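Okay, structure first, notes after.
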Amino acid sequence: MPRPIRRIDVYLPLDYNDGRPIPESKFVGVQQNLLKRFGGVSTTQRQFPMQGFWRSEGRVYQDRVVVFTVMDFFTKTEFDVFRYLERLKTRLKKNFDQLEILITVQDLWAI
């Protein structure tokens, strides 16, 4: 029987804005945090990152990006999930020294 789920994608850059690589330990910390909160996590391989471009204040930025994906099977209310994601985003922006971090949420059905 199909059941509703939320797919949450967290996009993280592999490099700081000055070009230095972000230490592996930071990604491991995010992975452990998401695993603890949602019970599972998948990620794109850091050896084959996505490439992203974004514009801010007239400047175009280019990032090598990895995506952490979790599935939320509605174990918490929508309010609790979004509150958690807002706090996570604030921490990630600080820990990864970024102007912005993209987190997306999609409602899906699992079969």
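Residues in the structure tokens are numbered from 1 in each chain, the chains being A, B, ... in the order shown, and ligands are numbered from 1 in the order shown.
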
Filtered DSSP result for chain A, state alpha helix (DSSP H), as a VMD selection string: chain A and resid 24 to 38 78 to 95

Selection from above, N, CA, C and O atoms, as a CSV table (one decimal), in the first residue's frame, can you write it?
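Writing the result to out-v2.csv gives the following:
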```csv
chain,number,residue,atom,x,y,z
A,24,GLU,N,36.8,16.5,5.2
A,24,GLU,CA,35.9,15.3,5.2
A,24,GLU,C,35.1,15.2,6.5
A,24,GLU,O,34.0,14.8,6.5
A,25,SER,N,35.8,15.5,7.6
A,25,SER,CA,35.1,15.4,8.9
A,25,SER,C,33.8,16.1,9.0
A,25,SER,O,32.8,15.7,9.7
A,26,LYS,N,33.7,17.3,8.3
A,26,LYS,CA,32.4,18.0,8.3
A,26,LYS,C,31.3,17.3,7.6
A,26,LYS,O,30.2,17.3,8.1
A,27,PHE,N,31.6,16.6,6.5
A,27,PHE,CA,30.6,15.8,5.8
A,27,PHE,C,30.2,14.6,6.6
A,27,PHE,O,29.0,14.2,6.7
A,28,VAL,N,31.2,14.0,7.3
A,28,VAL,CA,30.8,12.8,8.2
A,28,VAL,C,29.9,13.3,9.3
A,28,VAL,O,29.0,12.6,9.6
A,29,GLY,N,30.2,14.4,9.8
A,29,GLY,CA,29.3,15.0,10.9
A,29,GLY,C,27.9,15.2,10.4
A,29,GLY,O,26.9,14.9,11.1
A,30,VAL,N,27.7,15.7,9.2
A,30,VAL,CA,26.4,15.9,8.6
A,30,VAL,C,25.7,14.6,8.4
A,30,VAL,O,24.5,14.4,8.8
A,31,GLN,N,26.4,13.7,7.9
A,31,GLN,CA,25.9,12.3,7.6
A,31,GLN,C,25.4,11.7,8.9
A,31,GLN,O,24.3,11.1,9.0
A,32,GLN,N,26.2,11.8,10.0
A,32,GLN,CA,25.8,11.2,11.3
A,32,GLN,C,24.6,11.9,11.9
A,32,GLN,O,23.7,11.2,12.4
A,33,ASN,N,24.6,13.2,11.7
A,33,ASN,CA,23.4,13.9,12.2
A,33,ASN,C,22.1,13.5,11.5
A,33,ASN,O,21.1,13.3,12.2
A,34,LEU,N,22.2,13.4,10.2
A,34,LEU,CA,21.0,13.1,9.4
A,34,LEU,C,20.6,11.6,9.7
A,34,LEU,O,19.4,11.3,9.8
A,35,LEU,N,21.6,10.8,9.8
A,35,LEU,CA,21.3,9.3,10.1
A,35,LEU,C,20.6,9.2,11.5
A,35,LEU,O,19.6,8.5,11.6
A,36,LYS,N,21.1,10.0,12.5
A,36,LYS,CA,20.5,9.9,13.8
A,36,LYS,C,19.0,10.5,13.7
A,36,LYS,O,18.1,9.9,14.3
A,37,ARG,N,18.8,11.5,13.0
A,37,ARG,CA,17.5,12.2,13.0
A,37,ARG,C,16.4,11.4,12.2
A,37,ARG,O,15.3,11.3,12.5
A,38,PHE,N,16.9,10.9,11.0
A,38,PHE,CA,15.9,10.3,10.0
A,38,PHE,C,16.1,8.8,9.9
A,38,PHE,O,15.2,8.2,9.2
A,78,GLU,N,4.9,18.2,10.4
A,78,GLU,CA,5.6,19.1,9.4
A,78,GLU,C,6.3,20.3,10.1
A,78,GLU,O,7.4,20.6,9.7
A,79,PHE,N,5.7,20.8,11.1
A,79,PHE,CA,6.3,21.9,11.8
A,79,PHE,C,7.6,21.5,12.4
A,79,PHE,O,8.6,22.2,12.3
A,80,ASP,N,7.6,20.3,13.1
A,80,ASP,CA,8.9,19.8,13.7
A,80,ASP,C,10.0,19.6,12.6
A,80,ASP,O,11.1,19.9,12.9
A,81,VAL,N,9.6,19.1,11.5
A,81,VAL,CA,10.6,18.8,10.4
A,81,VAL,C,11.2,20.2,9.9
A,81,VAL,O,12.4,20.3,9.8
A,82,PHE,N,10.3,21.1,9.6
A,82,PHE,CA,10.8,22.4,9.1
A,82,PHE,C,11.6,23.2,10.2
A,82,PHE,O,12.6,23.9,9.8
A,83,ARG,N,11.2,23.1,11.4
A,83,ARG,CA,12.0,23.7,12.5
A,83,ARG,C,13.4,23.1,12.5
A,83,ARG,O,14.4,23.8,12.6
A,84,TYR,N,13.4,21.7,12.5
A,84,TYR,CA,14.7,21.1,12.5
A,84,TYR,C,15.6,21.5,11.3
A,84,TYR,O,16.8,21.8,11.4
A,85,LEU,N,14.9,21.6,10.1
A,85,LEU,CA,15.7,21.9,8.9
A,85,LEU,C,16.2,23.4,8.9
A,85,LEU,O,17.3,23.7,8.4
A,86,GLU,N,15.4,24.3,9.5
A,86,GLU,CA,15.8,25.7,9.6
A,86,GLU,C,17.1,25.8,10.5
A,86,GLU,O,18.0,26.5,10.3
A,87,ARG,N,17.0,25.0,11.6
A,87,ARG,CA,18.2,25.0,12.5
A,87,ARG,C,19.4,24.4,11.9
A,87,ARG,O,20.5,24.8,12.1
A,88,LEU,N,19.1,23.3,11.2
A,88,LEU,CA,20.2,22.6,10.5
A,88,LEU,C,20.9,23.6,9.5
A,88,LEU,O,22.1,23.7,9.4
A,89,LYS,N,20.1,24.3,8.7
A,89,LYS,CA,20.6,25.2,7.7
A,89,LYS,C,21.4,26.3,8.4
A,89,LYS,O,22.5,26.6,7.9
A,90,THR,N,21.0,26.8,9.5
A,90,THR,CA,21.8,27.8,10.2
A,90,THR,C,23.1,27.3,10.6
A,90,THR,O,24.2,27.9,10.4
A,91,ARG,N,23.2,26.0,11.1
A,91,ARG,CA,24.4,25.4,11.5
A,91,ARG,C,25.3,25.1,10.3
A,91,ARG,O,26.5,25.4,10.4
A,92,LEU,N,24.7,24.7,9.3
A,92,LEU,CA,25.5,24.3,8.1
A,92,LEU,C,26.1,25.6,7.5
A,92,LEU,O,27.3,25.6,7.0
A,93,LYS,N,25.4,26.7,7.4
A,93,LYS,CA,25.9,27.9,6.8
A,93,LYS,C,27.2,28.4,7.7
A,93,LYS,O,28.2,28.8,7.1
A,94,LYS,N,27.1,28.2,9.0
A,94,LYS,CA,28.2,28.6,9.8
A,94,LYS,C,29.3,27.6,9.7
A,94,LYS,O,30.5,28.0,9.5
A,95,ASN,N,29.1,26.3,9.8
A,95,ASN,CA,30.1,25.3,9.8
A,95,ASN,C,30.8,25.2,8.4
A,95,ASN,O,32.0,24.8,8.4
```

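Between Arg55 of chain A and the residues A:Met71, A:Ile8, A:Val105, A:Leu99, the shortest atom-to-atom distance, using only C-alpha atoms, involves A:Leu99.
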
One-decimal distance in Å that lies between atom CA of Gln106 of chain A and atom CA of Tyr11 of chain A: 14.2 Å

Nearby residues (only C-alpha atoms) at most 9 Å from Trp109 of chain A, same-chain spacing under 3 positions excluded, as a list in words: Pro2, Arg3, Pro4, Ile5 and Arg6 of chain A

Polymer residues at most 9 Å from Gly52 of chain A, only C-alpha atoms, same-chain spacing of 6 or more positions, as a PyMOL selection string: chain A and resi 13+61-65

Residue set, segment 23-90 of chain A restricted to strand (DSSP E), as JSON, numbers by chain: {"A": [42, 43, 50, 51, 52, 53, 54, 55, 56, 59, 60, 61, 62, 63, 64, 65, 66, 67, 68, 69, 70, 71, 72]}

Nearest residue to Asp15 of chain A from the set A:Gln51, A:Gly40, A:Gln45, A:Ile103 (distances using only C-alpha atoms): A:Gln51
